[in-house]
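Following: one structure in structure tokens, then a few remarks.
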Amino acid sequence: MADLSPHPDPWASYKDPTRARAATEEVHELAARYGEKLTFMEVCGTHTMQIERHGIRRLMPKNVRLVSGPGCPVCVSGRGLIDAAIHLADRTGVRLATFGDLVRVPGHRGSLERARAAGASVQVVYSPLDALALAEAHPADEICFVAIGFETTAPAVAATAESALERGVPNFFILPACKTMPPPMRALLAHPDLALDGFICPGHVSVITGLDLYRPLVRDFAAACVIAGFEALDVLESVAALIRQKLDDRAAVEIQYKRAVRAEGNPAAREIVARVFEPADAWWRGLGVIPASGLAFREAYRSLDALEHFDVRIPPEHVGDACRCGDVLTGVIEPEECKLFAGICTPDDPFGPCMVSSEGACAARLRYHNLSVAS
């Protein structure tokens, strides 16, 4: 077993400590039988938080490494997106609506939070429909919603776009910035500095997509895939399932999160996304531009596109940043290996998005590992 001496009861934070201990023991037994090193990546911010909160990395045997991937849509989005959003918010008569996590993310010239303090109109909303309601309540203003998220968020954005056209709301616009998960997972499997054996697959995304999302990864890379729920015990059971696949010398897509995920996913949600959006190239922090990894409006919905309506372009990313959030998001380094971590970059004064987001790997590591902040 792992060295748990500083933590006499490492399962105390679990809802069912007995099952958690049994799952941990199973992981160790299976890993000992396998013998060789294994690296599994989670690509969901909620999983990242649970892994840190419950000390799951510490519970792993020495030959099993868990690394965090690009599972946070705020973290993987570029500074150019923030710059474009600030440019819109600075315009007279424009109100920018966005999710709360995005407000503090630094762009090349500051954050939306600082822009708001300087007089820009930035309003936090909890859903795309809240932004549409804001447009209806303020017909004299142009409302721009920053649509950021993965397959989980895209159906709600698509439904809001359809509703905006059906209801004839002329002052509502969307800055499209949703991304899709399969392309970056392929890029990570082909990454020269990584040797991934499988994925702890995201539960929320899989509720929408079902199993088909991951089948090409199994076919082309022999990657083990297990769709995990969001309890810490779910993660432990999923790691055990991944090791069993390696022991059996097979690769498959399995569902651990059976209480929520069906093999076929949610066809209705996928259909509405397909009606409104089409695949587009997108920039991912740490991975660069990945073909067909984003979502752009189809012709029938382009009147809602804020980039076209306001004639705004997302500027290119500047390279050479001291922040290594991109390397953290691709599992190349651990958060504390970035020289800014817990010193220049803290949750109170974040330098990069991985320290801003509630699902960011750096914020989670600092919060749950009780590291002291450098003076």
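In the structure tokens, each chain is lettered A, B, ... as it comes, each chain's residues begin at 1, and ligands are numbered from 1 in order of appearance.
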
Item to complete: Name the residues of range 64-172 of chain A that come out as alpha helix (DSSP H) in a backbone DSSP run; write them as a ChimeraX atom specification.
Response: /A:73-76,79-89,112-117,128-137,154-167

Neighbouring residues of range 132-139 of chain A were defined as those with any atom within 8 Å, considering only C-alpha atoms; residues of the same chain fewer than 6 positions away were excluded. Please report them as a CSV table (one decimal) with C-alpha atoms, in the first residue's frame.
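Ended up saving to part.csv:
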chain,number,residue,atom,x,y,z
A,160,THR,CA,-30.9,29.2,-26.5
A,164,ALA,CA,-33.6,33.6,-29.6
A,169,VAL,CA,-34.9,38.9,-29.9
A,171,ASN,CA,-30.3,42.4,-29.6
A,172,PHE,CA,-29.0,39.0,-28.4

Worksheet item: For the atom pair CA of Pro182 in chain A and CA of Val103 in chain A, what is the interatomic distance in Å to one decimal place?
Response: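 Taking CA of Pro182 in chain A as the start and CA of Val103 in chain A as the end point, the length is 26.8 Å.
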
Item to complete: For each of A:Gly107, A:Gly343, A:Gly100, A:Gly326, take the minimum atom-to-atom distance to Val146 in chain A, counting only C-alpha atoms, then give the residue where this is smallest.
Response: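 Once distances to Val146 in chain A are computed over only C-alpha atoms, the minimum belongs to A:Gly100.
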
Discussion item. Calculated over only C-alpha atoms, which of the candidates A:Ala282, A:Ala118, A:Ala300, A:Met49 has the smallest distance to Glu162 in chain A?
Written reply: A:Ala300

Worksheet entry | Contact residues around Leu102 in chain A with only C-alpha atoms at 10 Å, ignoring same-chain residues under 3 positions, as a list in words |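 Surrounding residues, per the criterion: Pro73, Val74, Cys75, Ser77, Ile82, Thr98, Phe99, Val105, Pro106, Ser111, Leu112, Glu113, Val124, Val146, Ile148, Pro353, Val356 and Ser357 of chain A.
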
Distance query Leu236 in chain A at most 12 Å, only C-alpha atoms, self and fewer than 6 positions along chain excluded, as a compact mmCIF listing (two decimals) with all heavy atoms, in the first residue's frame:
# COMPACT_ATOMS: atom_id res chain seq x y z
N TRP A 11 -9.35 7.42 4.38
CA TRP A 11 -10.68 7.25 3.79
C TRP A 11 -11.77 7.97 4.60
O TRP A 11 -12.94 7.83 4.32
CB TRP A 11 -11.01 5.76 3.68
CG TRP A 11 -10.04 5.04 2.81
CD1 TRP A 11 -10.03 4.98 1.45
CD2 TRP A 11 -8.91 4.28 3.24
NE1 TRP A 11 -8.96 4.24 0.99
CE2 TRP A 11 -8.25 3.79 2.07
CE3 TRP A 11 -8.37 3.95 4.48
CZ2 TRP A 11 -7.10 3.01 2.13
CZ3 TRP A 11 -7.22 3.18 4.53
CH2 TRP A 11 -6.60 2.72 3.37
N TYR A 14 -14.51 9.99 2.81
CA TYR A 14 -15.37 9.31 1.84
C TYR A 14 -16.75 9.05 2.44
O TYR A 14 -16.89 8.85 3.65
CB TYR A 14 -14.74 7.99 1.40
CG TYR A 14 -13.53 8.14 0.52
CD1 TYR A 14 -12.31 8.58 1.04
CD2 TYR A 14 -13.58 7.85 -0.83
CE1 TYR A 14 -11.19 8.74 0.24
CE2 TYR A 14 -12.46 7.99 -1.64
CZ TYR A 14 -11.28 8.43 -1.10
OH TYR A 14 -10.18 8.58 -1.90
N PRO A 17 -16.47 4.85 3.74
CA PRO A 17 -15.04 4.54 3.93
C PRO A 17 -14.70 3.06 3.73
O PRO A 17 -13.62 2.74 3.22
CB PRO A 17 -14.78 4.99 5.37
CG PRO A 17 -15.83 6.00 5.66
CD PRO A 17 -17.04 5.53 4.90
N ARG A 19 -16.10 0.84 1.65
CA ARG A 19 -16.02 0.55 0.21
C ARG A 19 -14.81 1.23 -0.41
O ARG A 19 -14.16 0.68 -1.31
CB ARG A 19 -17.29 0.99 -0.50
CG ARG A 19 -18.50 0.09 -0.26
CD ARG A 19 -19.68 0.55 -1.09
NE ARG A 19 -19.40 0.45 -2.52
CZ ARG A 19 -20.19 0.99 -3.47
NH1 ARG A 19 -21.26 1.69 -3.12
NH2 ARG A 19 -19.88 0.85 -4.74
N ALA A 20 -14.50 2.44 0.05
CA ALA A 20 -13.34 3.15 -0.49
C ALA A 20 -12.06 2.40 -0.18
O ALA A 20 -11.17 2.28 -1.03
CB ALA A 20 -13.29 4.57 0.07
N ARG A 21 -11.95 1.89 1.04
CA ARG A 21 -10.75 1.13 1.41
C ARG A 21 -10.65 -0.14 0.57
O ARG A 21 -9.57 -0.50 0.09
CB ARG A 21 -10.78 0.79 2.90
CG ARG A 21 -9.50 0.11 3.37
CD ARG A 21 -9.55 -0.26 4.84
NE ARG A 21 -8.23 -0.68 5.27
CZ ARG A 21 -7.42 0.00 6.05
NH1 ARG A 21 -7.78 1.21 6.47
NH2 ARG A 21 -6.23 -0.47 6.40
N ALA A 22 -11.78 -0.80 0.39
CA ALA A 22 -11.78 -2.03 -0.40
C ALA A 22 -11.38 -1.74 -1.85
O ALA A 22 -10.63 -2.52 -2.47
CB ALA A 22 -13.15 -2.69 -0.35
N ALA A 23 -11.90 -0.62 -2.41
CA ALA A 23 -11.56 -0.26 -3.79
C ALA A 23 -10.07 0.07 -3.90
O ALA A 23 -9.42 -0.29 -4.89
CB ALA A 23 -12.40 0.93 -4.24
N THR A 24 -9.52 0.75 -2.91
CA THR A 24 -8.10 1.07 -2.91
C THR A 24 -7.25 -0.21 -2.86
O THR A 24 -6.26 -0.35 -3.59
CB THR A 24 -7.74 1.97 -1.72
OG1 THR A 24 -8.56 3.14 -1.74
CG2 THR A 24 -6.28 2.39 -1.78
N GLU A 25 -7.64 -1.13 -2.01
CA GLU A 25 -6.92 -2.40 -1.90
C GLU A 25 -6.98 -3.18 -3.22
O GLU A 25 -6.00 -3.81 -3.63
CB GLU A 25 -7.48 -3.23 -0.75
CG GLU A 25 -7.16 -2.62 0.62
CD GLU A 25 -7.85 -3.34 1.76
OE1 GLU A 25 -8.73 -4.20 1.48
OE2 GLU A 25 -7.52 -3.05 2.94
N GLU A 26 -8.14 -3.10 -3.92
CA GLU A 26 -8.25 -3.76 -5.21
C GLU A 26 -7.30 -3.13 -6.23
O GLU A 26 -6.65 -3.84 -7.01
CB GLU A 26 -9.69 -3.70 -5.72
CG GLU A 26 -9.86 -4.43 -7.05
CD GLU A 26 -11.27 -4.35 -7.60
OE1 GLU A 26 -12.04 -3.47 -7.15
OE2 GLU A 26 -11.60 -5.16 -8.49
N VAL A 27 -7.22 -1.80 -6.23
CA VAL A 27 -6.30 -1.12 -7.14
C VAL A 27 -4.87 -1.59 -6.89
O VAL A 27 -4.12 -1.89 -7.83
CB VAL A 27 -6.40 0.42 -6.97
CG1 VAL A 27 -5.23 1.12 -7.65
CG2 VAL A 27 -7.71 0.93 -7.54
N HIS A 28 -4.47 -1.69 -5.63
CA HIS A 28 -3.11 -2.12 -5.30
C HIS A 28 -2.87 -3.57 -5.71
O HIS A 28 -1.80 -3.91 -6.24
CB HIS A 28 -2.86 -1.93 -3.81
CG HIS A 28 -2.47 -0.54 -3.45
ND1 HIS A 28 -1.19 -0.15 -3.16
CD2 HIS A 28 -3.23 0.60 -3.37
CE1 HIS A 28 -1.16 1.15 -2.89
NE2 HIS A 28 -2.39 1.63 -3.01
N PHE A 40 -2.78 7.05 -16.20
CA PHE A 40 -4.16 7.32 -16.59
C PHE A 40 -4.44 8.81 -16.41
O PHE A 40 -3.97 9.43 -15.46
CB PHE A 40 -5.14 6.50 -15.75
CG PHE A 40 -4.92 5.01 -15.83
CD1 PHE A 40 -4.73 4.26 -14.68
CD2 PHE A 40 -4.91 4.36 -17.06
CE1 PHE A 40 -4.53 2.89 -14.75
CE2 PHE A 40 -4.70 2.99 -17.14
CZ PHE A 40 -4.51 2.25 -15.98
N GLU A 42 -7.38 11.91 -16.19
CA GLU A 42 -8.77 12.36 -16.13
C GLU A 42 -8.91 13.61 -16.96
O GLU A 42 -7.99 14.45 -16.97
CB GLU A 42 -9.23 12.57 -14.68
CG GLU A 42 -8.98 13.95 -14.11
CD GLU A 42 -7.62 14.11 -13.45
OE1 GLU A 42 -6.85 13.13 -13.46
OE2 GLU A 42 -7.32 15.21 -12.95
N HIS A 47 -13.64 15.66 -11.74
CA HIS A 47 -12.79 14.54 -11.31
C HIS A 47 -11.48 15.06 -10.70
O HIS A 47 -11.00 14.53 -9.69
CB HIS A 47 -12.47 13.63 -12.50
CG HIS A 47 -13.63 12.78 -12.92
ND1 HIS A 47 -13.76 12.28 -14.19
CD2 HIS A 47 -14.72 12.34 -12.23
CE1 HIS A 47 -14.88 11.56 -14.27
NE2 HIS A 47 -15.46 11.59 -13.09
N GLN A 50 -12.14 16.12 -7.17
CA GLN A 50 -12.37 14.99 -6.27
C GLN A 50 -11.07 14.24 -5.99
O GLN A 50 -10.82 13.81 -4.86
CB GLN A 50 -13.40 14.03 -6.88
CG GLN A 50 -14.82 14.57 -6.90
CD GLN A 50 -15.42 14.65 -5.50
OE1 GLN A 50 -15.00 15.44 -4.67
NE2 GLN A 50 -16.41 13.81 -5.24
N ILE A 51 -10.24 14.08 -7.00
CA ILE A 51 -8.95 13.39 -6.81
C ILE A 51 -8.09 14.14 -5.81
O ILE A 51 -7.46 13.54 -4.93
CB ILE A 51 -8.24 13.24 -8.17
CG1 ILE A 51 -8.94 12.16 -9.01
CG2 ILE A 51 -6.77 12.88 -7.99
CD1 ILE A 51 -8.50 12.11 -10.45
N HIS A 54 -9.84 14.27 -2.04
CA HIS A 54 -9.84 13.02 -1.27
C HIS A 54 -8.49 12.31 -1.30
O HIS A 54 -8.39 11.15 -0.89
CB HIS A 54 -10.94 12.10 -1.80
CG HIS A 54 -12.32 12.63 -1.58
ND1 HIS A 54 -12.98 12.50 -0.37
CD2 HIS A 54 -13.17 13.31 -2.40
CE1 HIS A 54 -14.19 13.08 -0.47
NE2 HIS A 54 -14.30 13.57 -1.68
N GLY A 55 -7.45 13.00 -1.77
CA GLY A 55 -6.12 12.43 -1.72
C GLY A 55 -5.96 11.15 -2.52
O GLY A 55 -5.20 10.26 -2.13
N ILE A 56 -6.65 11.05 -3.65
CA ILE A 56 -6.63 9.80 -4.40
C ILE A 56 -5.26 9.52 -5.00
O ILE A 56 -4.83 8.36 -5.06
CB ILE A 56 -7.74 9.82 -5.49
CG1 ILE A 56 -9.11 9.78 -4.81
CG2 ILE A 56 -7.59 8.65 -6.45
CD1 ILE A 56 -10.28 9.88 -5.76
N ARG A 57 -4.53 10.55 -5.42
CA ARG A 57 -3.19 10.30 -5.94
C ARG A 57 -2.31 9.65 -4.88
O ARG A 57 -1.49 8.77 -5.19
CB ARG A 57 -2.54 11.61 -6.40
CG ARG A 57 -3.21 12.27 -7.59
CD ARG A 57 -2.42 13.47 -8.08
NE ARG A 57 -3.31 14.43 -8.71
CZ ARG A 57 -3.81 14.31 -9.92
NH1 ARG A 57 -3.48 13.27 -10.65
NH2 ARG A 57 -4.61 15.23 -10.42
N ARG A 58 -2.45 10.08 -3.64
CA ARG A 58 -1.66 9.54 -2.56
C ARG A 58 -2.00 8.07 -2.29
O ARG A 58 -1.18 7.31 -1.76
CB ARG A 58 -1.89 10.40 -1.30
CG ARG A 58 -1.15 9.96 -0.07
CD ARG A 58 -1.31 10.99 1.05
NE ARG A 58 -2.66 11.48 1.17
CZ ARG A 58 -3.63 10.84 1.80
NH1 ARG A 58 -3.40 9.67 2.34
NH2 ARG A 58 -4.83 11.37 1.89
N LEU A 59 -3.23 7.68 -2.63
CA LEU A 59 -3.65 6.30 -2.40
C LEU A 59 -3.17 5.33 -3.48
O LEU A 59 -3.28 4.12 -3.32
CB LEU A 59 -5.18 6.23 -2.33
CG LEU A 59 -5.86 6.94 -1.16
CD1 LEU A 59 -7.37 6.85 -1.30
CD2 LEU A 59 -5.41 6.36 0.17
N MET A 60 -2.65 5.87 -4.57
CA MET A 60 -2.27 5.01 -5.69
C MET A 60 -0.98 4.24 -5.39
O MET A 60 -0.10 4.72 -4.68
CB MET A 60 -2.05 5.85 -6.95
CG MET A 60 -3.33 6.46 -7.54
SD MET A 60 -4.50 5.22 -8.16
CE MET A 60 -5.72 5.21 -6.81
N PRO A 61 -0.86 3.01 -5.93
CA PRO A 61 0.41 2.29 -5.83
C PRO A 61 1.49 3.01 -6.62
O PRO A 61 1.20 3.86 -7.47
CB PRO A 61 0.09 0.92 -6.43
CG PRO A 61 -1.14 1.13 -7.24
CD PRO A 61 -1.90 2.24 -6.62
N VAL A 64 1.28 3.30 -10.51
CA VAL A 64 0.09 3.90 -11.13
C VAL A 64 0.14 5.41 -10.92
O VAL A 64 0.16 5.89 -9.78
CB VAL A 64 -1.22 3.33 -10.56
CG1 VAL A 64 -2.42 4.07 -11.15
CG2 VAL A 64 -1.32 1.84 -10.86
N LEU A 66 -1.70 9.09 -11.82
CA LEU A 66 -2.87 9.81 -12.32
C LEU A 66 -2.44 11.22 -12.69
O LEU A 66 -1.80 11.91 -11.88
CB LEU A 66 -3.97 9.86 -11.26
CG LEU A 66 -4.51 8.53 -10.74
CD1 LEU A 66 -5.65 8.76 -9.76
CD2 LEU A 66 -4.96 7.63 -11.88
N ILE A 200 -9.74 8.23 -17.56
CA ILE A 200 -10.92 8.30 -16.72
C ILE A 200 -11.83 9.30 -17.42
O ILE A 200 -11.58 10.51 -17.41
CB ILE A 200 -10.57 8.78 -15.30
CG1 ILE A 200 -9.55 7.85 -14.65
CG2 ILE A 200 -11.82 8.89 -14.44
CD1 ILE A 200 -8.96 8.39 -13.36
N VAL A 226 -12.75 4.33 -19.26
CA VAL A 226 -13.81 4.04 -18.30
C VAL A 226 -14.50 5.35 -17.95
O VAL A 226 -13.86 6.29 -17.49
CB VAL A 226 -13.27 3.36 -17.03
CG1 VAL A 226 -14.40 3.16 -16.01
CG2 VAL A 226 -12.62 2.03 -17.35
N ILE A 227 -15.81 5.40 -18.19
CA ILE A 227 -16.61 6.59 -17.88
C ILE A 227 -16.93 6.55 -16.40
O ILE A 227 -17.59 5.63 -15.92
CB ILE A 227 -17.89 6.62 -18.72
CG1 ILE A 227 -17.54 6.70 -20.20
CG2 ILE A 227 -18.77 7.80 -18.30
CD1 ILE A 227 -18.73 6.45 -21.12
N ALA A 228 -16.47 7.55 -15.66
CA ALA A 228 -16.57 7.56 -14.20
C ALA A 228 -17.60 8.55 -13.70
O ALA A 228 -17.79 9.62 -14.27
CB ALA A 228 -15.20 7.88 -13.59
N GLY A 229 -18.23 8.18 -12.60
CA GLY A 229 -19.09 9.11 -11.88
C GLY A 229 -18.26 10.09 -11.09
O GLY A 229 -17.01 10.09 -11.16
N PHE A 230 -18.91 10.92 -10.28
CA PHE A 230 -18.23 12.06 -9.68
C PHE A 230 -17.93 11.91 -8.20
O PHE A 230 -17.36 12.81 -7.59
CB PHE A 230 -19.03 13.33 -9.94
CG PHE A 230 -19.12 13.63 -11.40
CD1 PHE A 230 -20.28 13.37 -12.11
CD2 PHE A 230 -18.02 14.11 -12.08
CE1 PHE A 230 -20.35 13.62 -13.47
CE2 PHE A 230 -18.08 14.36 -13.44
CZ PHE A 230 -19.25 14.12 -14.14
N LEU A 242 -9.75 0.23 -15.20
CA LEU A 242 -8.72 0.49 -16.20
C LEU A 242 -7.56 -0.51 -16.08
O LEU A 242 -7.07 -1.03 -17.09
CB LEU A 242 -8.19 1.91 -16.05
CG LEU A 242 -9.13 3.04 -16.50
CD1 LEU A 242 -8.64 4.39 -16.00
CD2 LEU A 242 -9.26 3.06 -18.01
N ILE A 243 -7.14 -0.77 -14.85
CA ILE A 243 -6.04 -1.73 -14.66
C ILE A 243 -6.47 -3.13 -15.09
O ILE A 243 -5.67 -3.87 -15.69
CB ILE A 243 -5.57 -1.73 -13.19
CG1 ILE A 243 -5.10 -0.34 -12.78
CG2 ILE A 243 -4.42 -2.72 -13.02
CD1 ILE A 243 -4.75 -0.22 -11.30
N GLN A 256 -18.63 2.98 -15.77
CA GLN A 256 -18.74 2.83 -14.31
C GLN A 256 -19.93 3.63 -13.80
O GLN A 256 -20.61 3.22 -12.86
CB GLN A 256 -17.44 3.30 -13.65
CG GLN A 256 -17.37 3.11 -12.13
CD GLN A 256 -18.05 4.23 -11.35
OE1 GLN A 256 -18.22 5.35 -11.83
NE2 GLN A 256 -18.46 3.91 -10.12

Per DSSP on the backbone, what are the strand (DSSP E or B) residues of range 99-178 of chain A, as an mmCIF file with all heavy atoms, in the first residue's frame?
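Output file states00.cif follows:
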data_model
loop_
_atom_site.group_PDB
_atom_site.id
_atom_site.type_symbol
_atom_site.label_atom_id
_atom_site.label_comp_id
_atom_site.auth_asym_id
_atom_site.auth_seq_id
_atom_site.Cartn_x
_atom_site.Cartn_y
_atom_site.Cartn_z
ATOM 1 N N GLY A 107 -6.382 37.879 -19.747
ATOM 2 C CA GLY A 107 -6.125 37.945 -21.172
ATOM 3 C C GLY A 107 -4.744 38.536 -21.385
ATOM 4 O O GLY A 107 -3.936 38.624 -20.461
ATOM 5 N N GLY A 110 -5.192 42.109 -19.369
ATOM 6 C CA GLY A 110 -6.022 42.155 -18.175
ATOM 7 C C GLY A 110 -7.174 41.180 -18.247
ATOM 8 O O GLY A 110 -7.293 40.371 -19.167
ATOM 9 N N VAL A 122 -19.991 44.070 -17.701
ATOM 10 C CA VAL A 122 -19.803 42.623 -17.611
ATOM 11 C C VAL A 122 -20.744 42.093 -16.537
ATOM 12 O O VAL A 122 -20.696 42.545 -15.392
ATOM 13 C CB VAL A 122 -18.348 42.262 -17.253
ATOM 14 C CG1 VAL A 122 -18.192 40.750 -17.152
ATOM 15 C CG2 VAL A 122 -17.380 42.842 -18.270
ATOM 16 N N GLN A 123 -21.596 41.163 -16.915
ATOM 17 C CA GLN A 123 -22.571 40.612 -15.977
ATOM 18 C C GLN A 123 -22.451 39.093 -15.927
ATOM 19 O O GLN A 123 -22.398 38.427 -16.961
ATOM 20 C CB GLN A 123 -23.998 41.004 -16.397
ATOM 21 C CG GLN A 123 -25.060 40.593 -15.389
ATOM 22 C CD GLN A 123 -26.344 41.390 -15.558
ATOM 23 O OE1 GLN A 123 -26.346 42.485 -16.147
ATOM 24 N NE2 GLN A 123 -27.440 40.854 -15.038
ATOM 25 N N VAL A 124 -22.390 38.540 -14.714
ATOM 26 C CA VAL A 124 -22.303 37.089 -14.536
ATOM 27 C C VAL A 124 -23.700 36.484 -14.611
ATOM 28 O O VAL A 124 -24.644 36.974 -13.973
ATOM 29 C CB VAL A 124 -21.650 36.746 -13.190
ATOM 30 C CG1 VAL A 124 -21.728 35.244 -12.906
ATOM 31 C CG2 VAL A 124 -20.199 37.201 -13.178
ATOM 32 N N GLU A 142 -27.284 45.842 -26.546
ATOM 33 C CA GLU A 142 -26.940 44.602 -27.228
ATOM 34 C C GLU A 142 -26.262 43.679 -26.223
ATOM 35 O O GLU A 142 -25.279 44.058 -25.578
ATOM 36 C CB GLU A 142 -26.015 44.872 -28.414
ATOM 37 C CG GLU A 142 -26.711 45.639 -29.536
ATOM 38 C CD GLU A 142 -25.807 45.863 -30.731
ATOM 39 O OE1 GLU A 142 -24.765 46.521 -30.543
ATOM 40 O OE2 GLU A 142 -26.140 45.393 -31.846
ATOM 41 N N ILE A 143 -26.811 42.485 -26.062
ATOM 42 C CA ILE A 143 -26.321 41.522 -25.083
ATOM 43 C C ILE A 143 -25.492 40.466 -25.799
ATOM 44 O O ILE A 143 -25.950 39.862 -26.773
ATOM 45 C CB ILE A 143 -27.479 40.845 -24.322
ATOM 46 C CG1 ILE A 143 -28.447 41.896 -23.750
ATOM 47 C CG2 ILE A 143 -26.934 39.936 -23.226
ATOM 48 C CD1 ILE A 143 -27.813 42.894 -22.805
ATOM 49 N N CYS A 144 -24.274 40.259 -25.314
ATOM 50 C CA CYS A 144 -23.389 39.256 -25.902
ATOM 51 C C CYS A 144 -23.048 38.216 -24.844
ATOM 52 O O CYS A 144 -22.442 38.533 -23.815
ATOM 53 C CB CYS A 144 -22.119 39.911 -26.430
ATOM 54 S SG CYS A 144 -20.904 38.724 -27.047
ATOM 55 N N PHE A 145 -23.422 36.978 -25.092
ATOM 56 C CA PHE A 145 -23.132 35.875 -24.180
ATOM 57 C C PHE A 145 -21.898 35.125 -24.657
ATOM 58 O O PHE A 145 -21.817 34.719 -25.822
ATOM 59 C CB PHE A 145 -24.321 34.920 -24.097
ATOM 60 C CG PHE A 145 -24.033 33.662 -23.308
ATOM 61 C CD1 PHE A 145 -23.821 33.733 -21.940
ATOM 62 C CD2 PHE A 145 -23.971 32.430 -23.928
ATOM 63 C CE1 PHE A 145 -23.546 32.586 -21.205
ATOM 64 C CE2 PHE A 145 -23.707 31.272 -23.210
ATOM 65 C CZ PHE A 145 -23.488 31.358 -21.837
ATOM 66 N N VAL A 146 -20.927 34.921 -23.767
ATOM 67 C CA VAL A 146 -19.729 34.163 -24.094
ATOM 68 C C VAL A 146 -20.019 32.682 -23.849
ATOM 69 O O VAL A 146 -20.135 32.244 -22.705
ATOM 70 C CB VAL A 146 -18.517 34.612 -23.250
ATOM 71 C CG1 VAL A 146 -17.266 33.850 -23.683
ATOM 72 C CG2 VAL A 146 -18.299 36.109 -23.379
ATOM 73 N N ALA A 147 -20.174 31.935 -24.929
ATOM 74 C CA ALA A 147 -20.575 30.526 -24.836
ATOM 75 C C ALA A 147 -19.341 29.647 -24.729
ATOM 76 O O ALA A 147 -18.717 29.293 -25.727
ATOM 77 C CB ALA A 147 -21.409 30.123 -26.051
ATOM 78 N N ILE A 148 -18.978 29.311 -23.512
ATOM 79 C CA ILE A 148 -17.796 28.509 -23.274
ATOM 80 C C ILE A 148 -18.225 27.199 -22.605
ATOM 81 O O ILE A 148 -19.105 27.199 -21.745
ATOM 82 C CB ILE A 148 -16.783 29.287 -22.398
ATOM 83 C CG1 ILE A 148 -15.456 28.562 -22.329
ATOM 84 C CG2 ILE A 148 -17.330 29.568 -21.019
ATOM 85 C CD1 ILE A 148 -14.356 29.404 -21.696
ATOM 86 N N GLY A 149 -17.626 26.090 -23.028
ATOM 87 C CA GLY A 149 -17.979 24.812 -22.431
ATOM 88 C C GLY A 149 -17.679 23.661 -23.368
ATOM 89 O O GLY A 149 -17.158 23.848 -24.475
ATOM 90 N N PHE A 172 -29.720 40.043 -29.128
ATOM 91 C CA PHE A 172 -29.022 38.968 -28.433
ATOM 92 C C PHE A 172 -28.002 38.315 -29.362
ATOM 93 O O PHE A 172 -28.324 37.934 -30.497
ATOM 94 C CB PHE A 172 -30.014 37.903 -27.952
ATOM 95 C CG PHE A 172 -29.354 36.727 -27.266
ATOM 96 C CD1 PHE A 172 -28.779 36.864 -26.016
ATOM 97 C CD2 PHE A 172 -29.321 35.483 -27.882
ATOM 98 C CE1 PHE A 172 -28.179 35.786 -25.382
ATOM 99 C CE2 PHE A 172 -28.720 34.396 -27.264
ATOM 100 C CZ PHE A 172 -28.149 34.548 -26.001
ATOM 101 N N PHE A 173 -26.764 38.177 -28.858
ATOM 102 C CA PHE A 173 -25.685 37.597 -29.661
ATOM 103 C C PHE A 173 -24.854 36.644 -28.801
ATOM 104 O O PHE A 173 -24.846 36.747 -27.576
ATOM 105 C CB PHE A 173 -24.797 38.705 -30.245
ATOM 106 C CG PHE A 173 -25.568 39.702 -31.056
ATOM 107 C CD1 PHE A 173 -26.034 40.873 -30.474
ATOM 108 C CD2 PHE A 173 -25.871 39.444 -32.385
ATOM 109 C CE1 PHE A 173 -26.776 41.790 -31.208
ATOM 110 C CE2 PHE A 173 -26.611 40.351 -33.134
ATOM 111 C CZ PHE A 173 -27.062 41.526 -32.541
ATOM 112 N N ILE A 174 -24.191 35.732 -29.463
ATOM 113 C CA ILE A 174 -23.390 34.714 -28.783
ATOM 114 C C ILE A 174 -21.978 34.724 -29.356
ATOM 115 O O ILE A 174 -21.805 34.711 -30.578
ATOM 116 C CB ILE A 174 -24.013 33.316 -28.958
ATOM 117 C CG1 ILE A 174 -25.393 33.260 -28.298
ATOM 118 C CG2 ILE A 174 -23.095 32.231 -28.387
ATOM 119 C CD1 ILE A 174 -26.156 31.969 -28.580
ATOM 120 N N LEU A 175 -20.991 34.764 -28.461
ATOM 121 C CA LEU A 175 -19.605 34.591 -28.868
ATOM 122 C C LEU A 175 -19.311 33.094 -28.744
ATOM 123 O O LEU A 175 -19.175 32.575 -27.637
ATOM 124 C CB LEU A 175 -18.675 35.402 -27.967
ATOM 125 C CG LEU A 175 -17.255 35.685 -28.477
ATOM 126 C CD1 LEU A 175 -16.591 36.760 -27.624
ATOM 127 C CD2 LEU A 175 -16.392 34.450 -28.508
ATOM 128 N N PRO A 176 -19.264 32.366 -29.865
ATOM 129 C CA PRO A 176 -19.163 30.901 -29.792
ATOM 130 C C PRO A 176 -17.758 30.447 -29.409
ATOM 131 O O PRO A 176 -16.785 30.748 -30.101
ATOM 132 C CB PRO A 176 -19.521 30.461 -31.216
ATOM 133 C CG PRO A 176 -19.131 31.619 -32.079
ATOM 134 C CD PRO A 176 -19.320 32.852 -31.252
ATOM 135 N N ALA A 177 -17.651 29.721 -28.286
ATOM 136 C CA ALA A 177 -16.345 29.254 -27.822
ATOM 137 C C ALA A 177 -16.438 27.859 -27.207
ATOM 138 O O ALA A 177 -15.588 27.488 -26.392
ATOM 139 C CB ALA A 177 -15.764 30.239 -26.815
ATOM 140 N N CYS A 178 -17.458 27.096 -27.599
ATOM 141 C CA CYS A 178 -17.586 25.723 -27.096
ATOM 142 C C CYS A 178 -16.594 24.809 -27.815
ATOM 143 O O CYS A 178 -16.259 25.027 -28.981
ATOM 144 C CB CYS A 178 -19.006 25.205 -27.293
ATOM 145 S SG CYS A 178 -20.214 25.910 -26.148
#

Worksheet entry | Close residues, Leu287 in chain A itself excluded, 9 Å, only C-alpha atoms, min 3 positions apart in chain, as a list in words |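 So, after excluding close chain neighbours, the residues are Val76, Pro184, Ala187, Leu188, Trp283, Trp284, Ile290, Gly326, Asp327, Leu329 and Thr330 of chain A.
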
Practice prompt. Tell me, in Å to one decimal, how far CA of Val273 in chain A is from CA of Tyr214 in chain A.
Written response: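 Between CA of Val273 in chain A and CA of Tyr214 in chain A the gap is 18.5 Å.
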
Worksheet item: Between A:Gly80, A:Pro279, A:His108, A:Leu213, which one has atoms that come closest to Phe351 in chain A, using only C-alpha atoms?
Response: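 Checking each candidate against Phe351 in chain A, we get A:His108 as the closest.
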